[in-house]
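*Asks:* protein-v8.cif is reproduced in full below (mmCIF, C-alpha atoms).
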data_entry
#
loop_
_atom_site.group_PDB
_atom_site.id
_atom_site.type_symbol
_atom_site.label_atom_id
_atom_site.label_comp_id
_atom_site.auth_asym_id
_atom_site.auth_seq_id
_atom_site.Cartn_x
_atom_site.Cartn_y
_atom_site.Cartn_z
ATOM 1 C CA MET K 1 88.238 49.796 87.698
ATOM 2 C CA LYS K 2 91.680 50.440 86.307
ATOM 3 C CA ILE K 3 93.596 52.404 88.943
ATOM 4 C CA VAL K 4 97.064 53.847 88.398
ATOM 5 C CA ILE K 5 99.368 54.548 91.349
ATOM 6 C CA LEU K 6 101.934 57.176 90.465
ATOM 7 C CA SER K 7 105.016 55.982 92.327
ATOM 8 C CA ARG K 8 108.708 55.745 91.497
ATOM 9 C CA ASN K 9 109.183 52.587 93.565
ATOM 10 C CA PRO K 10 106.634 49.712 93.539
ATOM 11 C CA ASN K 11 108.364 48.189 96.585
ATOM 12 C CA LEU K 12 107.627 51.081 98.939
ATOM 13 C CA TYR K 13 105.308 50.124 101.801
ATOM 14 C CA SER K 14 102.602 52.632 100.859
ATOM 15 C CA THR K 15 102.614 51.635 97.184
ATOM 16 C CA ARG K 16 102.481 47.916 97.984
ATOM 17 C CA ARG K 17 99.616 48.345 100.439
ATOM 18 C CA LEU K 18 97.551 50.342 97.941
ATOM 19 C CA VAL K 19 98.120 47.697 95.259
ATOM 20 C CA GLU K 20 97.112 44.924 97.682
ATOM 21 C CA ALA K 21 94.007 46.799 98.797
ATOM 22 C CA GLY K 22 92.970 47.517 95.205
ATOM 23 C CA ILE K 23 93.428 43.924 94.077
ATOM 24 C CA HIS K 24 91.448 42.763 97.114
ATOM 25 C CA ARG K 25 88.619 45.030 95.927
ATOM 26 C CA LYS K 26 88.836 43.399 92.436
ATOM 27 C CA HIS K 27 90.457 46.349 90.650
ATOM 28 C CA GLU K 28 93.211 46.326 88.052
ATOM 29 C CA MET K 29 96.184 48.072 89.689
ATOM 30 C CA LEU K 30 99.101 49.588 87.767
ATOM 31 C CA VAL K 31 102.188 51.223 89.281
ATOM 32 C CA ILE K 32 103.543 53.902 86.944
ATOM 33 C CA ASP K 33 106.771 55.869 87.404
ATOM 34 C CA HIS K 34 105.550 59.407 86.696
ATOM 35 C CA THR K 35 109.077 60.623 85.900
ATOM 36 C CA LYS K 36 109.125 58.266 82.899
ATOM 37 C CA CYS K 37 105.830 59.423 81.420
ATOM 38 C CA ASP K 38 105.825 61.491 78.221
ATOM 39 C CA LEU K 39 103.047 64.042 77.823
ATOM 40 C CA ILE K 40 101.583 64.877 74.417
ATOM 41 C CA ILE K 41 99.539 68.057 74.386
ATOM 42 C CA GLU K 42 97.381 69.027 71.419
ATOM 43 C CA LYS K 43 93.928 70.442 70.846
ATOM 44 C CA ARG K 44 91.427 68.497 72.977
ATOM 45 C CA LYS K 45 93.532 65.358 72.816
ATOM 46 C CA PRO K 46 95.864 65.046 75.824
ATOM 47 C CA VAL K 47 97.842 61.802 75.780
ATOM 48 C CA ILE K 48 100.270 60.085 78.163
ATOM 49 C CA ILE K 49 102.912 57.698 76.809
ATOM 50 C CA TYR K 50 104.562 55.216 79.190
ATOM 51 C CA LYS K 51 107.234 52.787 78.003
ATOM 52 C CA GLY K 52 106.208 53.374 74.387
ATOM 53 C CA LYS K 53 102.507 52.727 74.943
ATOM 54 C CA ILE K 54 99.544 55.075 75.313
ATOM 55 C CA LEU K 55 97.993 54.998 78.771
ATOM 56 C CA ASP K 56 94.264 54.768 78.199
ATOM 57 C CA SER K 57 91.090 53.425 79.802
ATOM 58 C CA VAL K 58 92.321 54.609 83.209
ATOM 59 C CA ASP K 59 89.544 55.283 85.727
ATOM 60 C CA ALA K 60 91.545 56.862 88.560
ATOM 61 C CA VAL K 61 95.038 57.813 89.694
ATOM 62 C CA ILE K 62 96.472 57.879 93.199
ATOM 63 C CA PRO K 63 99.493 60.224 93.205
ATOM 64 C CA ARG K 64 102.456 59.327 95.421
ATOM 65 C CA ILE K 65 104.656 62.195 94.265
ATOM 66 C CA GLY K 66 107.981 62.797 96.046
ATOM 67 C CA ALA K 67 108.946 66.372 96.888
ATOM 68 C CA SER K 68 112.018 66.292 94.631
ATOM 69 C CA VAL K 69 109.899 65.697 91.499
ATOM 70 C CA THR K 70 106.875 67.827 92.391
ATOM 71 C CA PHE K 71 107.016 69.902 89.192
ATOM 72 C CA TYR K 72 106.972 66.995 86.733
ATOM 73 C CA GLY K 73 104.804 64.764 88.887
ATOM 74 C CA THR K 74 102.158 67.460 89.116
ATOM 75 C CA ALA K 75 102.279 67.933 85.343
ATOM 76 C CA VAL K 76 101.509 64.214 84.910
ATOM 77 C CA VAL K 77 98.593 64.409 87.379
ATOM 78 C CA ARG K 78 97.263 67.472 85.520
ATOM 79 C CA GLN K 79 97.476 65.579 82.219
ATOM 80 C CA PHE K 80 95.364 62.759 83.683
ATOM 81 C CA GLU K 81 92.857 65.363 84.873
ATOM 82 C CA MET K 82 92.710 66.796 81.327
ATOM 83 C CA MET K 83 91.888 63.237 80.191
ATOM 84 C CA LYS K 84 88.889 63.295 82.602
ATOM 85 C CA VAL K 85 90.536 60.777 84.948
ATOM 86 C CA PHE K 86 89.738 61.149 88.663
ATOM 87 C CA SER K 87 92.769 61.970 90.816
ATOM 88 C CA ALA K 88 92.646 61.118 94.506
ATOM 89 C CA ILE K 89 94.780 64.233 95.060
ATOM 90 C CA GLU K 90 94.123 67.171 92.739
ATOM 91 C CA SER K 91 97.131 68.645 90.969
ATOM 92 C CA GLN K 92 96.582 72.184 92.263
ATOM 93 C CA ALA K 93 96.113 70.975 95.845
ATOM 94 C CA LEU K 94 99.330 68.970 95.534
ATOM 95 C CA LEU K 95 101.240 72.038 94.369
ATOM 96 C CA ARG K 96 99.659 74.173 97.100
ATOM 97 C CA SER K 97 100.708 71.758 99.823
ATOM 98 C CA ARG K 98 104.322 71.618 98.613
ATOM 99 C CA GLU K 99 104.802 75.370 99.033
ATOM 100 C CA LYS K 100 105.316 75.668 102.785
ATOM 101 C CA LEU K 101 104.916 79.434 102.856
ATOM 102 C CA ARG K 102 101.776 79.415 100.730
ATOM 103 C CA SER K 103 100.314 76.609 102.855
ATOM 104 C CA LEU K 104 100.887 78.576 106.056
ATOM 105 C CA GLN K 105 99.275 81.654 104.516
ATOM 106 C CA ILE K 106 96.204 79.632 103.507
ATOM 107 C CA LEU K 107 95.924 78.029 106.947
ATOM 108 C CA SER K 108 96.372 81.410 108.646
ATOM 109 C CA ARG K 109 93.632 82.985 106.517
ATOM 110 C CA ALA K 110 91.309 80.143 107.540
ATOM 111 C CA GLY K 111 91.857 81.012 111.215
ATOM 112 C CA LEU K 112 93.765 77.870 112.137
ATOM 113 C CA GLY K 113 96.358 77.862 114.913
ATOM 114 C CA LEU K 114 99.989 78.014 113.784
ATOM 115 C CA PRO K 115 103.372 78.515 115.427
ATOM 116 C CA LYS K 116 104.401 82.155 114.930
ATOM 117 C CA THR K 117 106.341 82.167 111.672
ATOM 118 C CA VAL K 118 108.693 84.716 110.083
ATOM 119 C CA PHE K 119 109.758 84.815 106.425
ATOM 120 C CA THR K 120 111.937 87.495 104.835
ATOM 121 C CA ASN K 121 113.783 88.144 101.604
ATOM 122 C CA TYR K 122 117.283 87.316 102.915
ATOM 123 C CA SER K 123 117.034 90.146 105.434
ATOM 124 C CA ARG K 124 120.270 91.195 107.122
ATOM 125 C CA ASN K 125 118.382 92.164 110.263
ATOM 126 C CA VAL K 126 118.597 88.627 111.639
ATOM 127 C CA LYS K 127 118.346 89.809 115.233
ATOM 128 C CA GLU K 128 114.922 91.306 114.468
ATOM 129 C CA ILE K 129 113.831 88.100 112.721
ATOM 130 C CA VAL K 130 114.644 86.003 115.798
ATOM 131 C CA GLN K 131 112.821 88.408 118.104
ATOM 132 C CA ALA K 132 109.801 88.545 115.762
ATOM 133 C CA ALA K 133 109.500 84.759 116.151
ATOM 134 C CA GLY K 134 109.459 85.164 119.936
ATOM 135 C CA GLY K 135 113.189 84.898 120.613
ATOM 136 C CA ALA K 136 115.302 81.784 121.122
ATOM 137 C CA PRO K 137 114.805 78.927 121.088
ATOM 138 C CA VAL K 138 113.476 79.055 117.525
ATOM 139 C CA VAL K 139 113.137 76.485 114.745
ATOM 140 C CA VAL K 140 114.715 77.294 111.371
ATOM 141 C CA LYS K 141 113.284 75.316 108.437
ATOM 142 C CA LEU K 142 114.228 75.047 104.795
ATOM 143 C CA LEU K 143 111.241 75.828 102.578
ATOM 144 C CA GLU K 144 112.042 72.697 100.564
ATOM 145 C CA GLY K 145 112.819 70.317 103.452
ATOM 146 C CA THR K 146 110.990 66.996 103.968
ATOM 147 C CA GLN K 147 110.964 64.181 106.565
ATOM 148 C CA GLY K 148 112.665 66.405 109.131
ATOM 149 C CA LEU K 149 115.607 67.245 106.863
ATOM 150 C CA GLY K 150 116.625 70.897 106.809
ATOM 151 C CA VAL K 151 115.125 71.620 110.245
ATOM 152 C CA VAL K 152 117.355 73.171 112.912
ATOM 153 C CA LEU K 153 116.613 74.034 116.538
ATOM 154 C CA ALA K 154 118.586 77.116 117.575
ATOM 155 C CA GLU K 155 118.603 77.286 121.359
ATOM 156 C CA THR K 156 120.135 80.754 121.788
ATOM 157 C CA ASP K 157 119.741 84.066 119.978
ATOM 158 C CA ASN K 158 123.365 83.937 118.821
ATOM 159 C CA ALA K 159 122.968 80.413 117.459
ATOM 160 C CA ALA K 160 119.757 81.375 115.668
ATOM 161 C CA GLU K 161 121.365 84.435 114.115
ATOM 162 C CA SER K 162 124.357 82.377 112.956
ATOM 163 C CA VAL K 163 122.156 79.712 111.343
ATOM 164 C CA ILE K 164 119.989 82.287 109.553
ATOM 165 C CA ASP K 165 123.082 84.202 108.394
ATOM 166 C CA ALA K 166 124.574 80.988 107.025
ATOM 167 C CA PHE K 167 121.425 80.097 105.061
ATOM 168 C CA ASN K 168 121.098 83.674 103.787
ATOM 169 C CA GLY K 169 124.714 83.583 102.614
ATOM 170 C CA LEU K 170 123.943 80.438 100.619
ATOM 171 C CA LYS K 171 120.798 82.086 99.195
ATOM 172 C CA VAL K 172 118.682 79.292 100.674
ATOM 173 C CA ARG K 173 115.179 80.324 101.703
ATOM 174 C CA VAL K 174 114.075 79.503 105.222
ATOM 175 C CA ILE K 175 111.254 80.223 107.633
ATOM 176 C CA VAL K 176 111.796 80.875 111.320
ATOM 177 C CA GLN K 177 109.205 79.564 113.785
ATOM 178 C CA GLU K 178 108.667 79.839 117.498
ATOM 179 C CA PHE K 179 109.600 76.712 119.462
ATOM 180 C CA ILE K 180 106.638 75.164 121.280
ATOM 181 C CA GLU K 181 108.309 73.866 124.408
ATOM 182 C CA GLU K 182 105.224 72.295 125.970
ATOM 183 C CA ALA K 183 104.936 69.891 123.004
ATOM 184 C CA LYS K 184 108.005 68.114 124.499
ATOM 185 C CA GLY K 185 109.329 66.829 121.189
ATOM 186 C CA ALA K 186 106.022 65.244 120.168
ATOM 187 C CA ASP K 187 103.497 65.971 117.450
ATOM 188 C CA ILE K 188 100.240 64.506 116.166
ATOM 189 C CA ARG K 189 99.647 63.127 112.671
ATOM 190 C CA ALA K 190 95.959 63.038 111.771
ATOM 191 C CA PHE K 191 95.276 61.056 108.608
ATOM 192 C CA VAL K 192 92.320 62.485 106.687
ATOM 193 C CA VAL K 193 90.515 60.711 103.843
ATOM 194 C CA ASP K 194 87.485 62.264 102.133
ATOM 195 C CA GLY K 195 86.655 64.629 104.991
ATOM 196 C CA VAL K 196 87.050 62.069 107.798
ATOM 197 C CA VAL K 197 89.918 61.504 110.239
ATOM 198 C CA VAL K 198 90.505 57.782 109.658
ATOM 199 C CA GLY K 199 93.422 57.452 112.081
ATOM 200 C CA ALA K 200 95.673 59.493 114.337
ATOM 201 C CA MET K 201 99.001 58.873 116.012
ATOM 202 C CA LYS K 202 101.265 60.726 118.385
ATOM 203 C CA ARG K 203 104.900 60.749 117.292
ATOM 204 C CA GLN K 204 107.579 61.184 119.953
ATOM 205 C CA ALA K 205 111.119 62.264 119.145
ATOM 206 C CA LYS K 206 113.945 60.042 120.366
ATOM 207 C CA LYS K 207 116.002 61.229 123.333
ATOM 208 C CA GLY K 208 118.141 64.235 122.523
ATOM 209 C CA GLU K 209 116.145 65.002 119.354
ATOM 210 C CA PHE K 210 113.305 67.478 118.836
ATOM 211 C CA ARG K 211 112.131 66.238 115.416
ATOM 212 C CA SER K 212 109.460 63.587 115.852
ATOM 213 C CA ASN K 213 109.565 62.238 112.275
ATOM 214 C CA LEU K 214 109.637 58.432 112.164
ATOM 215 C CA HIS K 215 112.417 58.736 109.540
ATOM 216 C CA ARG K 216 114.494 60.459 112.245
ATOM 217 C CA GLY K 217 114.045 57.617 114.741
ATOM 218 C CA GLY K 218 110.839 58.818 116.400
ATOM 219 C CA THR K 219 108.243 56.409 117.792
ATOM 220 C CA ALA K 220 104.482 56.393 117.258
ATOM 221 C CA GLU K 221 101.423 55.369 119.241
ATOM 222 C CA VAL K 222 97.717 55.600 118.548
ATOM 223 C CA ILE K 223 95.914 58.631 119.970
ATOM 224 C CA ASP K 224 92.295 59.756 120.264
ATOM 225 C CA LEU K 225 91.970 63.346 119.098
ATOM 226 C CA ASN K 226 89.918 65.757 121.120
ATOM 227 C CA GLU K 227 87.187 67.717 119.339
ATOM 228 C CA GLU K 228 89.356 70.794 118.767
ATOM 229 C CA GLU K 229 92.186 68.731 117.253
ATOM 230 C CA GLU K 230 89.842 66.781 114.981
ATOM 231 C CA ASN K 231 88.110 69.955 113.786
ATOM 232 C CA ALA K 232 91.497 71.583 113.088
ATOM 233 C CA ALA K 233 92.648 68.581 111.023
ATOM 234 C CA LEU K 234 89.439 68.479 108.992
ATOM 235 C CA LYS K 235 89.435 72.222 108.366
ATOM 236 C CA ALA K 236 93.102 72.158 107.320
ATOM 237 C CA ALA K 237 92.404 69.380 104.797
ATOM 238 C CA ARG K 238 89.361 71.243 103.493
ATOM 239 C CA VAL K 239 91.000 74.648 102.994
ATOM 240 C CA MET K 240 93.989 72.985 101.306
ATOM 241 C CA GLY K 241 91.608 71.121 98.980
ATOM 242 C CA LEU K 242 93.074 67.699 99.793
ATOM 243 C CA GLY K 243 90.987 64.526 99.712
ATOM 244 C CA ILE K 244 93.870 62.573 101.242
ATOM 245 C CA CYS K 245 96.432 64.129 103.571
ATOM 246 C CA GLY K 246 98.343 63.902 106.808
ATOM 247 C CA VAL K 247 97.854 66.909 109.069
ATOM 248 C CA ASP K 248 100.747 67.433 111.481
ATOM 249 C CA MET K 249 99.937 69.359 114.665
ATOM 250 C CA LEU K 250 101.537 70.334 117.940
ATOM 251 C CA GLN K 251 99.660 70.219 121.224
ATOM 252 C CA SER K 252 100.122 73.623 122.870
ATOM 253 C CA LYS K 253 98.651 75.632 125.739
ATOM 254 C CA ASN K 254 96.787 77.604 123.046
ATOM 255 C CA GLY K 255 95.279 74.516 121.426
ATOM 256 C CA PRO K 256 96.414 72.610 118.322
ATOM 257 C CA LEU K 257 98.981 74.348 116.108
ATOM 258 C CA ILE K 258 99.294 73.151 112.499
ATOM 259 C CA LEU K 259 102.843 72.440 111.343
ATOM 260 C CA GLU K 260 102.201 71.026 107.881
ATOM 261 C CA VAL K 261 99.599 69.410 105.655
ATOM 262 C CA ASN K 262 101.256 66.522 103.807
ATOM 263 C CA SER K 263 99.722 65.560 100.461
ATOM 264 C CA SER K 264 101.618 62.246 100.162
ATOM 265 C CA PRO K 265 101.494 60.884 103.713
ATOM 266 C CA GLY K 266 103.109 57.503 104.273
ATOM 267 C CA LEU K 267 100.911 54.585 105.322
ATOM 268 C CA GLU K 268 103.402 52.495 107.281
ATOM 269 C CA GLY K 269 103.522 54.534 110.482
ATOM 270 C CA ILE K 270 99.787 55.196 110.708
ATOM 271 C CA GLU K 271 98.739 51.635 109.855
ATOM 272 C CA LYS K 272 101.136 50.089 112.361
ATOM 273 C CA ALA K 273 100.235 52.567 115.114
ATOM 274 C CA THR K 274 96.454 52.303 114.668
ATOM 275 C CA GLY K 275 96.106 48.763 113.342
ATOM 276 C CA LYS K 276 93.710 50.125 110.695
ATOM 277 C CA ASN K 277 93.641 49.276 107.008
ATOM 278 C CA ILE K 278 94.120 52.832 105.728
ATOM 279 C CA ALA K 279 94.984 51.599 102.216
ATOM 280 C CA LYS K 280 91.529 50.013 101.905
ATOM 281 C CA THR K 281 89.932 53.272 103.072
ATOM 282 C CA ILE K 282 91.757 55.132 100.280
ATOM 283 C CA ILE K 283 90.621 52.625 97.643
ATOM 284 C CA ARG K 284 87.022 52.952 98.836
ATOM 285 C CA TYR K 285 87.348 56.725 98.636
ATOM 286 C CA VAL K 286 88.390 56.361 94.991
ATOM 287 C CA GLU K 287 85.442 54.018 94.350
ATOM 288 C CA ARG K 288 82.975 56.561 95.724
ATOM 289 C CA HIS K 289 84.207 59.287 93.396
ATOM 290 C CA VAL K 290 84.520 57.364 90.138
#
Using C-alpha cells, write down the structure that the file contains.

*Replies:*
Amino acid sequence: MKIVILSRNPNLYSTRRLVEAGIHRKHEMLVIDHTKCDLIIEKRKPVIIYKGKILDSVDAVIPRIGASVTFYGTAVVRQFEMMKVFSAIESQALLRSREKLRSLQILSRAGLGLPKTVFTNYSRNVKEIVQAAGGAPVVVKLLEGTQGLGVVLAETDNAAESVIDAFNGLKVRVIVQEFIEEAKGADIRAFVVDGVVVGAMKRQAKKGEFRSNLHRGGTAEVIDLNEEEENAALKAARVMGLGICGVDMLQSKNGPLILEVNSSPGLEGIEKATGKNIAKTIIRYVERHV
C-alpha cells in the first residue's frame, strides 16, 4: 500500500516509528506536510497538490495534526476522504476531539465519569463559578491548551477568582474543573487502536507539579487497567468516533474520570513505558481497513 503520514516534521519520534513500521510491513511510506498541501475543489474531482505534484494512488492516510493547525489539517484530511482514501482518524472525529467543551459534552451524554466542569460566557460572577466547581482548589484550563500548557491550579478561592478574572479580561475562554486530590498528581493514558486498549501507562507529575504530562517533566510506568478503567477508555474512544486515540483518566474514589481524548497521541511515552510496538499495531489497523 501507499500510506501517507500527515506530519510537519519527519524527525518526530511518532512519525519516524510509523514510517519504520510501515516499511517493515512492505508498504510505501510518504511523510507529507499538510500545511503545504494545496486543495483543488471542483465537481466530483477533488485534488491535492503537494510540491507542485498531484498526490494520487494513495491508499491510506495517518493524520498527525498539531493543535495549532487543526483547521487546515482537518481540511486536508477531509479532502483525502473525498478522494475515497481511508483515514486512520476521521476528519470530523479529529475536529470533535479538539473542541474541549464539545468533547466533555459528548462524554457526559454517554454517561462517562468526568471532573465537575464549569464553562461560562466571561461571567463576572467568578465567585459562583468557583463554588459551582466545588470550591478551591480548582483547575483552570484554556480551551485551546495542549501538553499541559494553559493549565493552572488555583489553591484558594481568591487565587481562583483572580485567575478567572484575568483570563476573562483578556477575552480568553477557559473551563474550571474540580481538583481531584486523591489522584495525587497522577493520571492514566490508555492508548486505544481499533476498539482495543493496546497499552496503558500511569504518568506521575514531578515533585511540586500537578500536571503529569511527560512534556512537563512527568514520569511514566506501565499499568494494568482494571475492568472499569478499560471499559471507560473504550467507550470514550467509541463515542468520540476515534479509531486511534489516547484516553487520559484520573483515578478517583468515584471511579475513572475522563480528562481528555487525544486524537494525535504521541508514541514515545507509551512505547517506552510498555515496551510494545504500538506503531506496528497502527499500521496493521490501517491494513485491516483498506

*Asks:* Let me know the residues the PyMOL selection byres ((chain K and resi 88-99) around 7) catches in the file above, as an NGL selection string.

*Replies:* :K and (61-63 or 74 or 77-78 or 86-87 or 100-103 or 240-244 or 261-263 or 286)

*Asks:* Could you jot down the atom CA of K:Leu143 to atom CA of K:Val172 separation for me, Å, one decimal place?

*Replies:*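 Going from atom CA of K:Leu143 over to atom CA of K:Val172, I get 8.4 Å.
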
*Asks:* Counting only C-alpha atoms, which of K:Ala233, K:Val196, K:Ile5, K:Val138 gets nearest to K:Ile278?

*Replies:*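 Result for the nearest residue to K:Ile278: K:Val196.
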
*Asks:* What is the atom CA of K:Lys253 to atom CA of K:Leu153 distance in Å?

*Replies:* 20.2 Å

*Asks:* Which distance in Å separates atom CA of K:Ile164 and atom CA of K:Val140, to one decimal?

*Replies:* 7.5 Å

*Asks:* Using all atoms listed in the file, which of K:Ala236, K:Ile270, K:Ala132, K:Ile41 sits nearest K:Leu257?

*Replies:*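 Nearest to K:Leu257: K:Ala236.
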
*Asks:* With a distance cut-off of 7 Å and only C-alpha atoms, select the neighbouring residues of K:Gly199, excluding the residue or stretch itself and same-chain residues fewer than 2 positions from it, and output the selection as a PDB file with C-alpha atoms, keeping the file's coordinate frame.

*Replies:*
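Wrote around.pdb, looks like this:
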ATOM      1  CA  ALA K 190      95.959  63.038 111.771  1.00  0.00           C
ATOM      2  CA  PHE K 191      95.276  61.056 108.608  1.00  0.00           C
ATOM      3  CA  VAL K 197      89.918  61.504 110.239  1.00  0.00           C
ATOM      4  CA  MET K 201      99.001  58.873 116.012  1.00  0.00           C
ATOM      5  CA  ILE K 270      99.787  55.196 110.708  1.00  0.00           C
ATOM      6  CA  THR K 274      96.454  52.303 114.668  1.00  0.00           C
TER       7      THR K 274
END

*Asks:* How big is the axis-aligned box, and where does its centre sit, when it encloses all atoms of stretch 105-112 of chain K listed in the file and has 6 Å added on every side, reported in Å to one decimal as AutoDock Vina command-line options?

*Replies:*
--center_x 95.3 --center_y 80.4 --center_z 107.8 --size_x 20.0 --size_y 17.1 --size_z 20.6

*Asks:* Ranking K:Ser14, K:Thr117, K:Gln105, K:Ser57 by minimum distance to K:Glu271 and counting all atoms listed in the file, which one comes first?

*Replies:* K:Ser14

*Asks:* Using all atoms listed in the file for the distances, tell me which of K:Met83, K:Leu259, K:Val176, K:Leu104 is nearest to K:Val130.

*Replies:*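 Looking at the shortest contact to K:Val130, the residue is K:Val176.
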
*Asks:* Excluding K:Asn121 and any residue of its chain fewer than 3 positions from it, enumerate the residues within 10 Å of it, using all atoms listed in the file, and give them as a PyMOL selection string.

*Replies:* chain K and resi 124+168+171+173-174

*Asks:* Counting all atoms listed in the file, select every polymer residue within 12 Å of (97.0, 72.4, 116.9) as defined in the file's coordinates, and provide the selection as a ChimeraX atom specification.

*Replies:* /K:107,111-115,180,183,186-190,225-236,247-261

*Asks:* Each residue of stretch 233-275 of chain K lying at most 12 Å from stretch 15-33 of chain K should get a row with its shortest atom-to-atom pair and the distance in Å to one decimal, counting only C-alpha atoms; could you produce that, ordered by chain and increasing number, as CSV?

*Replies:*
residue,atom,partner,partner_atom,distance
K:Ser264,CA,K:Thr15,CA,11.1
K:Pro265,CA,K:Thr15,CA,11.4
K:Gly266,CA,K:Thr15,CA,9.2
K:Leu267,CA,K:Arg17,CA,8.0
K:Glu268,CA,K:Arg17,CA,8.9
K:Glu271,CA,K:Arg17,CA,10.0

*Asks:* For the residues in the current selection, export C-alpha atoms as a PDB file, in the coordinates of the input.

*Replies:*
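Okay, part_8.pdb is ready:
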ATOM      1  CA  SER K 264     101.618  62.246 100.162  1.00  0.00           C
ATOM      2  CA  PRO K 265     101.494  60.884 103.713  1.00  0.00           C
ATOM      3  CA  GLY K 266     103.109  57.503 104.273  1.00  0.00           C
ATOM      4  CA  LEU K 267     100.911  54.585 105.322  1.00  0.00           C
ATOM      5  CA  GLU K 268     103.402  52.495 107.281  1.00  0.00           C
ATOM      6  CA  GLU K 271      98.739  51.635 109.855  1.00  0.00           C
TER       7      GLU K 271
END

*Asks:* Using only C-alpha atoms - which residues lie no farther than 10 Å from the point (121.9, 84.4, 120.0) in the file's frame? Write them as an MDAnalysis selection string.

*Replies:* chainID K and resid 126:127 130 135:137 154:163

*Asks:* Extract, using only C-alpha atoms, all DNA, RNA and protein residues at most 12 Å from K:Val69, discarding same-chain residues fewer than 2 positions from it, and format them as a ChimeraX atom specification.

*Replies:* /K:6-8,33-36,63-67,71-76,94-95,98,144
